[in-house]
Amino acid sequence: MNWRVYILAVTTFGVGLVELIVGGILPTIAKDLNVSLSTAGQLITIFALVYAISAPVLLSLTAKVERKRLYLISLFIFTLGNLMTYFSTTFLIVMIARIFTAMSTALVIVLSLTIATKIVEPRHRAKALGLVFIGVSSALVIGVPIGIFVSEAFGWRAIFLGIALLSTISMMLIALLLEKMPVVEIVPLKAQIKSLANLKILSAQLTTLFMLAGHYMLYAYLTPFLVEAFDMSASWISICYLIFGIASVSGNALGGWLSDKIGTGKAILIVVSTFAVVLFSIPYTIVAFPLFLVVTVLWGALSWALTPPLQNYLIETDPKTSDIQQSLNTAALQIGISIGSAVGGAVFAVTGSAKHLAGFGAILVLCALGCAIFSIKRAPVSDGAELGMKSAHNNS
């Protein structure tokens, strides 16, 4: 397999840090910038929302730009955004920087996946894509706990200086070692939106959206929750994030196994319904920290267990638009994160407590369950709908 894929994986690790790392240091950022915790939480909201919109829009707008050049431009903007965060003096500047980093992150991750499939032989494509995804998931597992430790030792801004350094190294490696990539055909936005006209597909995408929204109601504010519930130190908070991250990565394997074992539809229903129960139970587990840790492992595993069966379900539902659906599913995921962190911030601001967030999150997960049931009971996508989709693509 082409060894350059490892450079792409390291690059996705660096850019993947930016989105999630903020959650672990929200109280520190809020205090330093003199804003409330709920306001600081909107740094997660804006990133996810801009990411969701940027991925399809920017790819369409830059369809004629050579891929290596676009990759380097995206990394350069990403680096500037992180340096802007490092030198920021106000919350507004940090928010603007998050917009730039979200836009560039969306492009870097999608381009990493695209380039990875182009520089390897067809028999190695799955492995190459897996390595790139490992870069993102590794950022999830170790990024937040490392961020907490760095923040405690050097201040929260040092994290973004370090990420800027990583992206600068990636830029140099990409510039020197990666060959030019020809422009590939990009599915027009009109064709992507057209694919959602089928209610079976739309409700499946909404399942992801509401699932992640319910998850991020609490996860975006996990640090203040741990401080409020257990008066936890920074070291223990980072350990909790690490445990959660490891469980999340294992959740992908769990979801894939369950899907193969009992089928995609049943796997989706079991994962979503169980996740709702786990979220409902979290406020009642704070009476004993060991009990909370056990539930946290379940919470982490189930939070990402939906991805494999749902993606398989989308492919099974409409194979002809499967590539588009994977892209839209990523957008749905990010919009869910945006909604969850925004609503979570509003609830936190009104109640003044993070203990209520899990219950409200469970309500959103029940909405996901309703969407999943609706989708599964709908008739399969008809050939006519597929032909209509193909026609929309060709006409665009």
# chains A, B, ... in the order shown; residues from 1 in each chain; ligands from 1
$ residues_around --residues "A:Leu258" --least-positions-apart "2" --cutoff "12 Å" --atoms "only C-alpha atoms" --output "list of chain:residue names"
A:Gly251, A:Asn252, A:Ala253, A:Leu254, A:Gly255, A:Gly256, A:Asp260, A:Lys261, A:Ile262, A:Gly263, A:Thr264, A:Gly265, A:Lys266, A:Ala267, A:Ile268, A:Leu269, A:Ile270, A:Val271, A:Leu302, A:Ala305, A:Leu306, A:Thr307, A:Pro308, A:Pro309, A:Leu310, A:Asn312
$ residues_around --residues "A:Lys355" --least-positions-apart "5" --cutoff "12 Å" --atoms "only C-alpha atoms" --output "MDAnalysis selection string"
chainID A and resid 217:219 221:230 279:286 344 347:348 360:361
$ closest_residue --among "A:Ser341, A:Asn82, A:Thr39, A:Ser104" --to "A:Ala220" --atoms "only C-alpha atoms"
A:Ser341
$ closest_residue --among "A:Leu37, A:Ala331, A:Ile193, A:Ala368" --to "A:Gly24" --atoms "only C-alpha atoms"
A:Leu37
$ residues_around --residues "stretch 1-15 of chain A" --least-positions-apart "6" --cutoff "8 Å" --atoms "only C-alpha atoms" --output "list in words"
Phe78, Thr105, Val108, Ile109, Ser112, Ala116, Ile119, Val120, Glu121, His124, Ala128, Leu131, Val132, Phe133, Ile134, Gly135, Val136, Ser137, Ser138, Ala139, Ile163, Leu166, Ser167, Ser170, Leu173, Ile174, Leu177 and Leu178 of chain A
$ residues_around --residues "stretch 196-204 of chain A" --least-positions-apart "6" --cutoff "9 Å" --atoms "only C-alpha atoms" --output "list in words"
Leu310, Tyr313, Leu314, Thr317, Asp318, Gln325, Asn329, Ala368, Gly370, Cys371, Ala372, Ile373, Phe374, Ser375, Ile376, Lys377, Arg378, Ala379, Pro380, Val381 and Ala385 of chain A
$ closest_residue --among "A:Gly352, A:Gly16, A:Gly336, A:Gly359" --to "A:Met211" --atoms "only C-alpha atoms"
A:Gly336
$ residues_around --residues "A:Gly300" --least-positions-apart "6" --cutoff "7 Å" --atoms "only C-alpha atoms" --output "VMD selection string"
chain A and resid 244 to 245 247 to 248
